[in-house]
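Student: Structure: data22.txt, compact mmCIF, C-alpha atoms.
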# COMPACT_ATOMS: atom_id res chain seq x y z
CA MET B 61 -144.28 93.28 202.66
CA THR B 62 -144.61 91.95 199.11
CA GLN B 63 -141.81 90.35 197.11
CA GLY B 64 -141.33 91.79 193.62
CA GLU B 65 -142.61 94.94 192.01
CA MET B 66 -146.21 96.09 191.76
CA TRP B 67 -146.89 98.09 188.60
CA ILE B 68 -149.71 100.55 188.00
CA LEU B 69 -150.49 101.16 184.33
CA GLY B 70 -152.12 104.53 183.72
CA ALA B 71 -150.67 105.89 186.94
CA ASN B 72 -151.48 109.49 186.01
CA GLY B 73 -155.22 108.84 185.74
CA ARG B 74 -157.78 109.24 188.51
CA VAL B 75 -157.98 105.57 189.48
CA GLY B 76 -154.27 105.00 188.95
CA ARG B 77 -153.33 107.85 191.28
CA ALA B 78 -155.75 106.65 193.93
CA VAL B 79 -154.55 103.03 193.77
CA ALA B 80 -150.95 104.20 194.04
CA ALA B 81 -151.78 106.27 197.12
CA GLN B 82 -153.41 103.30 198.82
CA LEU B 83 -150.47 101.04 198.08
CA VAL B 84 -148.06 103.64 199.47
CA ALA B 85 -150.19 103.86 202.61
CA ALA B 86 -149.86 100.06 202.91
CA GLY B 87 -146.07 100.31 202.79
CA VAL B 88 -145.58 99.44 199.11
CA ALA B 89 -143.70 101.68 196.67
CA PRO B 90 -145.41 100.94 193.33
CA VAL B 91 -143.80 101.36 189.94
CA LEU B 92 -145.70 104.05 188.02
CA VAL B 93 -146.24 103.38 184.33
CA GLY B 94 -147.50 105.86 181.75
CA ARG B 95 -146.76 107.86 178.63
CA ASP B 96 -145.27 111.05 180.13
CA ALA B 97 -142.08 110.89 182.21
CA GLY B 98 -142.54 114.37 183.67
CA ARG B 99 -146.06 113.65 184.89
CA LEU B 100 -144.97 110.31 186.32
CA ARG B 101 -142.17 111.96 188.31
CA LYS B 102 -144.59 114.56 189.61
CA ALA B 103 -147.05 111.82 190.59
CA ALA B 104 -144.25 110.01 192.45
CA ALA B 105 -143.31 113.22 194.28
CA ASP B 106 -146.97 113.88 195.19
CA LEU B 107 -147.11 110.37 196.69
CA GLY B 108 -144.09 111.14 198.88
CA LEU B 109 -141.89 108.63 197.07
CA ASP B 110 -138.18 109.36 197.08
CA ALA B 111 -136.34 110.90 194.17
CA ASP B 112 -135.23 107.56 192.76
CA ALA B 113 -138.75 106.12 192.68
CA LYS B 114 -139.16 103.79 189.73
CA ILE B 115 -141.16 104.89 186.72
CA VAL B 116 -141.64 103.20 183.37
CA VAL B 117 -142.41 105.25 180.28
CA ALA B 118 -144.38 103.22 177.74
CA SER B 119 -146.69 104.56 175.07
CA GLY B 120 -149.43 102.11 174.22
CA VAL B 121 -150.44 98.57 175.06
CA ASP B 122 -147.70 96.83 173.05
CA ALA B 123 -144.94 98.86 174.70
CA MET B 124 -146.36 98.20 178.17
CA ALA B 125 -146.66 94.47 177.47
CA ALA B 126 -143.07 94.36 176.23
CA GLU B 127 -141.77 96.02 179.41
CA ILE B 128 -143.82 93.66 181.60
CA SER B 129 -142.43 90.61 179.77
CA ARG B 130 -138.89 91.92 180.17
CA ARG B 131 -138.99 93.08 183.81
CA ARG B 132 -141.44 90.56 185.35
CA PRO B 133 -143.43 92.49 188.02
CA VAL B 134 -145.32 90.31 190.52
CA VAL B 135 -148.62 92.22 190.04
CA VAL B 136 -149.80 94.54 187.28
CA VAL B 137 -152.76 96.87 187.96
CA ASN B 138 -154.22 97.97 184.63
CA THR B 139 -156.14 101.26 184.99
CA THR B 140 -155.73 102.41 181.39
CA GLY B 141 -159.30 101.63 180.29
CA ASP B 142 -160.41 100.22 176.91
CA TYR B 143 -160.01 96.80 178.53
CA ALA B 144 -161.55 94.94 175.60
CA GLU B 145 -158.33 95.80 173.72
CA SER B 146 -155.74 96.17 176.49
CA ALA B 147 -156.53 93.35 178.94
CA VAL B 148 -155.52 90.25 176.99
CA PRO B 149 -152.06 91.34 175.71
CA ILE B 150 -151.12 92.81 179.09
CA ALA B 151 -152.42 89.81 181.05
CA ARG B 152 -150.52 87.44 178.76
CA ALA B 153 -147.35 89.45 179.35
CA CYS B 154 -147.72 88.80 183.10
CA MET B 155 -147.52 85.04 182.58
CA PRO B 156 -146.02 82.82 183.79
CA GLY B 157 -146.22 83.51 187.49
CA GLY B 158 -147.17 87.18 187.51
CA HIS B 159 -150.66 88.39 188.37
CA TYR B 160 -152.99 90.88 186.67
CA LEU B 161 -156.09 92.92 187.52
CA ASP B 162 -158.27 95.56 185.89
CA GLN B 163 -161.55 97.43 186.49
CA ALA B 164 -163.42 96.24 183.38
CA ASN B 165 -167.22 96.34 183.48
CA ASP B 166 -168.20 95.58 179.91
CA PRO B 167 -169.11 92.05 178.80
CA THR B 168 -166.66 91.93 175.90
CA ALA B 169 -163.62 92.73 178.04
CA VAL B 170 -164.70 90.45 180.87
CA GLN B 171 -165.35 87.48 178.61
CA ARG B 172 -162.08 87.95 176.74
CA LEU B 173 -160.14 87.76 179.98
CA PHE B 174 -162.11 84.69 181.12
CA ALA B 175 -161.04 83.00 177.87
CA LEU B 176 -157.48 83.00 179.29
CA HIS B 177 -158.50 80.90 182.32
CA ASP B 178 -156.84 77.61 181.36
CA GLU B 179 -153.72 79.39 180.11
CA ALA B 180 -153.40 81.36 183.35
CA ALA B 181 -154.05 78.31 185.56
CA ALA B 182 -151.30 76.37 183.78
CA ALA B 183 -148.94 79.35 184.17
CA GLY B 184 -149.63 79.78 187.90
CA SER B 185 -151.00 83.29 187.35
CA THR B 186 -154.17 84.87 188.73
CA LEU B 187 -156.03 87.23 186.40
CA VAL B 188 -158.79 89.34 187.98
CA THR B 189 -161.24 91.42 185.99
CA GLY B 190 -163.85 93.82 187.37
CA ALA B 191 -161.79 94.93 190.39
CA GLY B 192 -163.99 97.95 191.10
CA PHE B 193 -167.49 98.97 192.06
CA GLY B 194 -168.79 98.03 188.63
CA VAL B 195 -168.55 94.30 189.41
CA VAL B 196 -167.78 93.92 193.11
CA GLY B 197 -170.64 96.22 194.17
CA THR B 198 -173.20 93.59 193.16
CA GLU B 199 -171.19 90.37 192.77
CA ALA B 200 -170.18 90.37 196.44
CA ILE B 201 -173.84 90.48 197.53
CA VAL B 202 -174.77 87.57 195.27
CA ALA B 203 -171.81 85.50 196.44
CA ARG B 204 -172.72 86.09 200.10
CA LEU B 205 -176.41 85.31 199.69
CA CYS B 206 -175.78 82.17 197.63
CA GLU B 207 -173.05 80.74 199.86
CA ASN B 208 -173.87 77.20 201.04
CA ARG B 209 -177.29 77.30 199.38
CA PRO B 210 -178.78 75.52 196.35
CA VAL B 211 -178.58 77.13 192.93
CA PRO B 212 -181.22 79.88 192.69
CA SER B 213 -183.70 80.16 189.85
CA ARG B 214 -183.49 83.92 189.29
CA VAL B 215 -181.14 86.79 190.16
CA ARG B 216 -181.35 90.52 189.52
CA VAL B 217 -178.62 92.99 190.41
CA ASP B 218 -178.87 96.80 190.39
CA ALA B 219 -176.03 99.31 190.70
CA PHE B 220 -176.43 102.91 191.92
CA ALA B 221 -173.06 104.61 191.71
CA SER B 222 -172.53 108.03 193.29
CA VAL B 223 -169.38 109.71 191.99
CA ALA B 224 -167.78 113.11 192.48
CA VAL B 225 -166.84 114.47 189.05
CA GLU B 226 -163.30 115.72 188.46
CA GLU B 227 -162.82 118.63 186.07
CA GLY B 228 -161.24 117.65 182.78
CA ALA B 229 -161.77 115.83 179.50
CA LEU B 230 -163.59 112.51 179.62
CA GLY B 231 -160.82 110.82 177.65
CA ALA B 232 -160.85 108.18 174.91
CA ALA B 233 -160.87 105.14 177.23
CA LEU B 234 -164.02 106.19 179.08
CA ALA B 235 -165.71 107.32 175.86
CA ALA B 236 -164.97 103.98 174.19
CA GLY B 237 -166.46 102.10 177.12
CA VAL B 238 -169.70 104.11 176.98
CA VAL B 239 -170.05 103.88 173.20
CA ASP B 240 -169.28 100.17 173.01
CA GLY B 241 -171.70 99.41 175.85
CA LEU B 242 -174.51 101.17 174.00
CA ALA B 243 -173.58 99.53 170.70
CA MET B 244 -173.78 96.06 172.22
CA GLY B 245 -177.48 96.40 172.99
CA GLY B 246 -179.39 94.71 175.79
CA ARG B 247 -178.33 91.38 177.31
CA ARG B 248 -179.59 89.01 180.01
CA TYR B 249 -179.39 85.31 180.86
CA GLU B 250 -182.34 83.08 180.07
CA GLY B 251 -182.17 79.30 180.40
CA GLY B 252 -178.51 79.69 181.32
CA ARG B 253 -177.70 81.37 177.98
CA LEU B 254 -176.73 84.98 177.34
CA VAL B 255 -179.43 86.35 175.04
CA ARG B 256 -180.09 89.65 173.30
CA THR B 257 -182.82 91.93 174.68
CA ARG B 258 -184.15 95.38 173.90
CA LEU B 259 -181.71 97.95 175.28
CA GLY B 260 -183.47 99.91 178.02
CA GLY B 261 -186.46 97.56 177.98
CA GLU B 262 -186.10 96.58 181.64
CA VAL B 263 -186.75 99.31 184.23
CA HIS B 264 -187.20 99.09 187.99
CA ARG B 265 -188.27 101.56 190.66
CA LEU B 266 -186.70 100.98 194.06
CA THR B 267 -186.32 102.72 197.38
CA LEU B 268 -182.82 102.90 198.83
CA PRO B 269 -182.39 101.87 202.49
CA GLY B 270 -182.22 105.56 203.39
CA GLY B 271 -185.66 106.16 201.86
CA GLU B 272 -184.67 107.79 198.55
CA PRO B 273 -186.61 106.60 195.48
CA VAL B 274 -184.43 105.61 192.52
CA SER B 275 -184.83 104.04 189.08
CA SER B 276 -182.60 101.64 187.20
CA VAL B 277 -182.50 100.48 183.58
CA GLY B 278 -181.26 97.22 182.08
CA VAL B 279 -177.87 97.58 180.37
CA PRO B 280 -175.15 95.14 179.28
CA SER B 281 -172.40 94.96 181.91
CA GLY B 282 -169.76 92.85 183.56
CA GLU B 283 -172.06 92.81 186.59
CA LEU B 284 -174.46 90.62 184.62
CA ILE B 285 -171.80 88.03 183.84
CA ALA B 286 -170.39 88.13 187.38
CA ALA B 287 -173.83 87.59 188.93
CA HIS B 288 -174.42 84.59 186.67
CA ARG B 289 -171.06 83.04 187.55
CA ALA B 290 -171.49 83.69 191.28
CA SER B 291 -174.98 82.21 191.44
CA GLY B 292 -175.30 79.69 188.61
CA ALA B 293 -178.90 80.90 188.18
CA PRO B 294 -180.39 80.27 184.73
CA SER B 295 -182.19 83.66 184.74
CA VAL B 296 -180.09 86.75 185.50
CA SER B 297 -180.52 90.44 184.71
CA ALA B 298 -178.57 93.57 185.60
CA THR B 299 -179.58 97.22 185.72
CA SER B 300 -177.88 100.56 186.32
CA GLY B 301 -179.05 103.76 187.95
CA LEU B 302 -176.77 105.80 185.68
CA VAL B 303 -179.08 105.42 182.65
CA PRO B 304 -182.06 107.81 182.59
CA ALA B 305 -185.29 105.88 183.11
CA SER B 306 -187.55 108.30 181.23
CA LEU B 307 -189.67 106.78 178.48
CA ALA B 308 -188.26 109.22 175.92
CA VAL B 309 -184.66 108.19 176.57
CA ARG B 310 -185.43 104.47 176.64
CA ALA B 311 -187.37 104.76 173.40
CA VAL B 312 -184.32 105.98 171.45
CA LEU B 313 -181.76 103.61 172.99
CA PRO B 314 -182.33 100.72 170.51
CA LEU B 315 -181.94 103.07 167.54
CA LEU B 316 -178.82 104.64 169.05
CA SER B 317 -177.40 101.17 169.67
CA ALA B 318 -177.89 100.19 166.03
CA ILE B 319 -176.29 103.41 164.74
CA LEU B 320 -173.22 103.03 166.96
CA ARG B 321 -172.47 99.57 165.53
CA ASN B 322 -171.28 101.32 162.36
CA ARG B 323 -167.46 101.58 162.66
CA ALA B 324 -167.27 105.11 161.25
CA VAL B 325 -170.05 106.35 163.55
CA ARG B 326 -168.41 104.60 166.52
CA SER B 327 -165.08 106.32 165.85
CA PHE B 328 -166.74 109.70 165.41
CA ALA B 329 -168.77 109.30 168.62
CA ILE B 330 -165.69 108.33 170.64
CA ARG B 331 -163.71 111.30 169.33
CA ARG B 332 -166.49 113.76 170.13
CA MET B 333 -167.24 112.30 173.55
CA SER B 334 -163.60 112.03 174.62
CA GLY B 335 -163.16 115.77 174.07
CA ILE B 336 -166.06 116.77 176.31
CA THR B 337 -164.81 118.69 179.35
CA ALA B 338 -166.62 117.87 182.55
CA LYS B 339 -166.96 120.42 185.33
CA ALA B 340 -166.09 119.46 188.89
CA ALA B 341 -169.17 118.47 190.91
CA PRO B 342 -169.82 116.71 194.22
CA ARG B 343 -171.33 113.26 194.22
CA PRO B 344 -175.14 113.36 193.95
CA ARG B 345 -175.87 111.29 197.08
CA PRO B 346 -173.88 110.39 200.21
CA HIS B 347 -173.68 106.69 199.44
CA THR B 348 -173.13 104.35 196.53
CA TRP B 349 -175.36 101.27 196.57
CA GLY B 350 -175.29 97.79 195.09
CA HIS B 351 -178.45 95.68 195.25
CA ALA B 352 -179.44 92.08 194.54
CA VAL B 353 -182.70 90.11 194.71
CA ILE B 354 -182.37 86.32 194.54
CA ASN B 355 -185.19 83.79 194.11
CA TRP B 356 -184.93 80.06 194.82
CA PRO B 357 -187.19 77.33 193.42
CA ASP B 358 -188.63 76.61 196.90
CA GLY B 359 -190.05 80.16 197.11
CA THR B 360 -187.29 81.69 199.22
CA VAL B 361 -186.45 85.26 198.23
CA ARG B 362 -183.44 87.09 199.65
CA GLU B 363 -182.49 90.71 199.13
CA GLY B 364 -179.15 92.32 199.84
CA TRP B 365 -177.61 95.77 199.73
CA LEU B 366 -173.99 96.90 199.65
CA ARG B 367 -173.25 100.43 200.84
CA THR B 368 -170.09 102.44 200.32
CA GLY B 369 -169.05 106.06 199.68
CA ASP B 370 -167.83 107.49 196.38
CA ALA B 371 -167.90 104.74 193.75
CA MET B 372 -164.51 105.76 192.33
CA ASP B 373 -162.93 105.70 195.79
CA PHE B 374 -164.37 102.22 196.32
CA THR B 375 -163.03 101.14 192.93
CA SER B 376 -159.50 102.23 193.79
CA ALA B 377 -159.76 100.53 197.19
CA VAL B 378 -160.91 97.25 195.61
CA ALA B 379 -158.04 97.41 193.12
CA ALA B 380 -155.47 98.13 195.83
CA GLN B 381 -156.75 95.38 198.13
CA THR B 382 -156.83 92.92 195.25
CA ALA B 383 -153.26 93.80 194.26
CA LEU B 384 -151.98 93.38 197.81
CA ARG B 385 -153.66 90.01 198.21
CA LEU B 386 -152.44 88.72 194.87
CA ALA B 387 -148.90 89.79 195.76
CA ALA B 388 -149.26 87.88 199.03
CA GLY B 389 -150.17 84.72 197.11
CA GLU B 390 -153.84 84.63 198.12
CA GLY B 391 -155.37 84.35 194.63
CA ARG B 392 -156.41 81.20 192.76
CA PRO B 393 -154.61 80.61 189.45
CA GLY B 394 -156.86 81.23 186.48
CA ALA B 395 -159.12 84.10 185.37
CA HIS B 396 -161.72 85.26 187.87
CA THR B 397 -163.83 88.11 189.19
CA PRO B 398 -162.65 89.52 192.55
CA SER B 399 -165.09 87.64 194.79
CA ALA B 400 -164.37 84.39 192.97
CA ALA B 401 -160.61 84.86 193.33
CA LEU B 402 -160.51 86.24 196.87
CA GLY B 403 -163.98 85.90 198.41
CA PRO B 404 -166.80 88.44 198.84
CA ASP B 405 -165.12 89.97 201.89
CA ILE B 406 -162.87 91.87 199.48
CA ALA B 407 -165.75 94.39 199.48
CA LEU B 408 -165.49 94.81 203.26
CA ALA B 409 -161.73 95.30 203.03
CA ALA B 410 -162.37 98.07 200.48
CA GLY B 411 -164.70 99.95 202.84
CA ALA B 412 -168.20 98.66 202.09
CA ASP B 413 -170.78 97.11 204.38
CA PHE B 414 -173.69 94.74 203.75
CA MET B 415 -177.36 94.71 204.64
CA ASP B 416 -179.17 91.42 203.98
CA ASP B 417 -182.81 90.46 204.42
CA VAL B 418 -185.12 87.51 203.79
CA ILE B 419 -188.20 88.68 201.89
CA ALA B 420 -189.92 85.30 201.77
CA GLU B 421 -189.01 81.86 203.10
CA ASN B 422 -190.54 78.77 201.43
CA SER B 423 -193.64 80.76 200.49
Could you write out this file's structure as structure tokens?

Tutor:
Amino acid sequence: MTQGEMWILGANGRVGRAVAAQLVAAGVAPVLVGRDAGRLRKAAADLGLDADAKIVVASGVDAMAAEISRRRPVVVVNTTGDYAESAVPIARACMPGGHYLDQANDPTAVQRLFALHDEAAAAGSTLVTGAGFGVVGTEAIVARLCENRPVPSRVRVDAFASVAVEEGALGAALAAGVVDGLAMGGRRYEGGRLVRTRLGGEVHRLTLPGGEPVSSVGVPSGELIAAHRASGAPSVSATSGLVPASLAVRAVLPLLSAILRNRAVRSFAIRRMSGITAKAAPRPRPHTWGHAVINWPDGTVREGWLRTGDAMDFTSAVAAQTALRLAAGEGRPGAHTPSAALGPDIALAAGADFMDDVIAENS
């Protein structure tokens, strides 16, 4: 059993509800935090929590941070989205001594949290970013394949999420993440430095272990930064199967990226996208896959796959497992990705399995 409270920010959202359910199943009664008291009480009742279950009503990042500073939970799980804006003030509110995690997968949010590393280490707090499929699905493979080996020369990671769609509006947080990712443009590591590339310029055709052909396109992501940190490789790229690989789509991506950098256009695009209502749909394939190919200077090439079910279910499981382990004192003070803070086996605890192979040895 953990000592101290475990808070879930955005507890009425899809990931927040799922994380709360997993914590309840583990014997923890989380504190549910959100904007609407009625919805929070209903969520608590749906979880089987008793009538006096704790809820915290806070509207906005500043209000949440103020409540965290005042009431000192041991772990805060941030599922509110828009992590580039929300992560730093909420993480700072957890210090000293409290721990923080989120599911960020955009480079801006990830790097902003990493900038708090020294502050968190001095405060005895562990801050974890990317606690979901978006980072762990590829980072864990790289960490496993690079363990006890020299620094590789080149790494590529590919993510193929399979998600069941819930009916409802996309919401501002998700829309902001999509728009800001496109606006950033392409990125990769060359010579150990993060450099700008043509958005959509890198495309790969792969065959999943089950035999299905898939395509992936280079996009900026937290996976890219996590793979670089886990491997130390000077050359690192990251791709996603969620971006259409057709030539027509990839041709317009650089122009779209440039347009979305305009603040007025960005705001308009987020408003329009957040109001889109998605229809419920099953996930497109039975499994979600993470993939990595790692090259060493001596000619060794290793390939690894991570397999799990619905990517959102895996995300909530990673977040719940991370929260439980941080509450138990297993994290390292500072700002980290999940595998760096807790080891790549966090993916196994969340319900994934690995398939590794040696493509070439000293060839």

Student: Can you tell me, as a list in words, what residues are no more than 8 Å from segment 267-276 of chain B when counting only C-alpha atoms, ignoring any on the same chain fewer than 4 positions away?

Tutor: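 Here the answer would be Asp218, Ala219, Phe220, Val263, Thr299, Ser300, Gly301, Leu302, Val303, Pro304, Ala305 and Trp349 of chain B.
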
Student: Please produce a file of those selected residues containing C-alpha atoms, as a PDB file, in the coordinates of the input.

Tutor:
ATOM      1  CA  ASP B 218    -178.870  96.800 190.390  1.00  0.00           C
ATOM      2  CA  ALA B 219    -176.030  99.310 190.700  1.00  0.00           C
ATOM      3  CA  PHE B 220    -176.430 102.910 191.920  1.00  0.00           C
ATOM      4  CA  VAL B 263    -186.750  99.310 184.230  1.00  0.00           C
ATOM      5  CA  THR B 299    -179.580  97.220 185.720  1.00  0.00           C
ATOM      6  CA  SER B 300    -177.880 100.560 186.320  1.00  0.00           C
ATOM      7  CA  GLY B 301    -179.050 103.760 187.950  1.00  0.00           C
ATOM      8  CA  LEU B 302    -176.770 105.800 185.680  1.00  0.00           C
ATOM      9  CA  VAL B 303    -179.080 105.420 182.650  1.00  0.00           C
ATOM     10  CA  PRO B 304    -182.060 107.810 182.590  1.00  0.00           C
ATOM     11  CA  ALA B 305    -185.290 105.880 183.110  1.00  0.00           C
ATOM     12  CA  TRP B 349    -175.360 101.270 196.570  1.00  0.00           C
TER      13      TRP B 349
END

Student: Can you tell me which residues surround Arg331 of chain B at a distance of at most 10 Å, considering all atoms listed in the file, apart from same-chain residues fewer than 3 positions away, and format the answer as an MDAnalysis selection string?

Tutor: chainID B and resid 231:232 235:236 325:328 334:336

Student: Could I get the residues of segment 105-139 of chain B with an atom no further than 10 Å from an atom of segment 149-156 of chain B, each paired with its nearest atom pair and that distance in Å to one decimal, using all atoms listed in the file, sorted by chain and residue number, as a tab-separated table?

Tutor:
residue	atom	partner	partner_atom	distance
B:Val121	CA	B:Ile150	CA	7.1
B:Asp122	CA	B:Pro149	CA	7.5
B:Ala123	CA	B:Ile150	CA	9.7
B:Met124	CA	B:Ile150	CA	7.2
B:Ala125	CA	B:Ile150	CA	5.0
B:Ala126	CA	B:Ala153	CA	7.2
B:Glu127	CA	B:Ala153	CA	8.6
B:Ile128	CA	B:Ala153	CA	5.9
B:Ser129	CA	B:Ala153	CA	5.1
B:Arg130	CA	B:Ala153	CA	8.9
B:Arg131	CA	B:Cys154	CA	9.7
B:Arg132	CA	B:Cys154	CA	6.9
B:Pro133	CA	B:Cys154	CA	7.5
B:Val134	CA	B:Cys154	CA	7.9
B:Val135	CA	B:Cys154	CA	7.8
B:Val136	CA	B:Cys154	CA	7.4
B:Val137	CA	B:Ala151	CA	9.9
B:Asn138	CA	B:Ile150	CA	8.2

Student: Extending 3 Å beyond the listed atoms of segment 164-181 of chain B on each side, what axis-aligned box results? I want centre and edge lengths in Å to one decimal, as lines of an AutoDock Vina configuration file.

Tutor:
center_x = -161.3
center_y = 87.0
center_z = 180.7
size_x = 21.7
size_y = 24.7
size_z = 15.7

Student: Which polymer residues have any atom within 6 Å of an atom of Gly394 of chain B, counting only C-alpha atoms, with same-chain residues fewer than 3 positions away left out, as a PyMOL selection string?

Tutor: chain B and resi 177+180-181+186
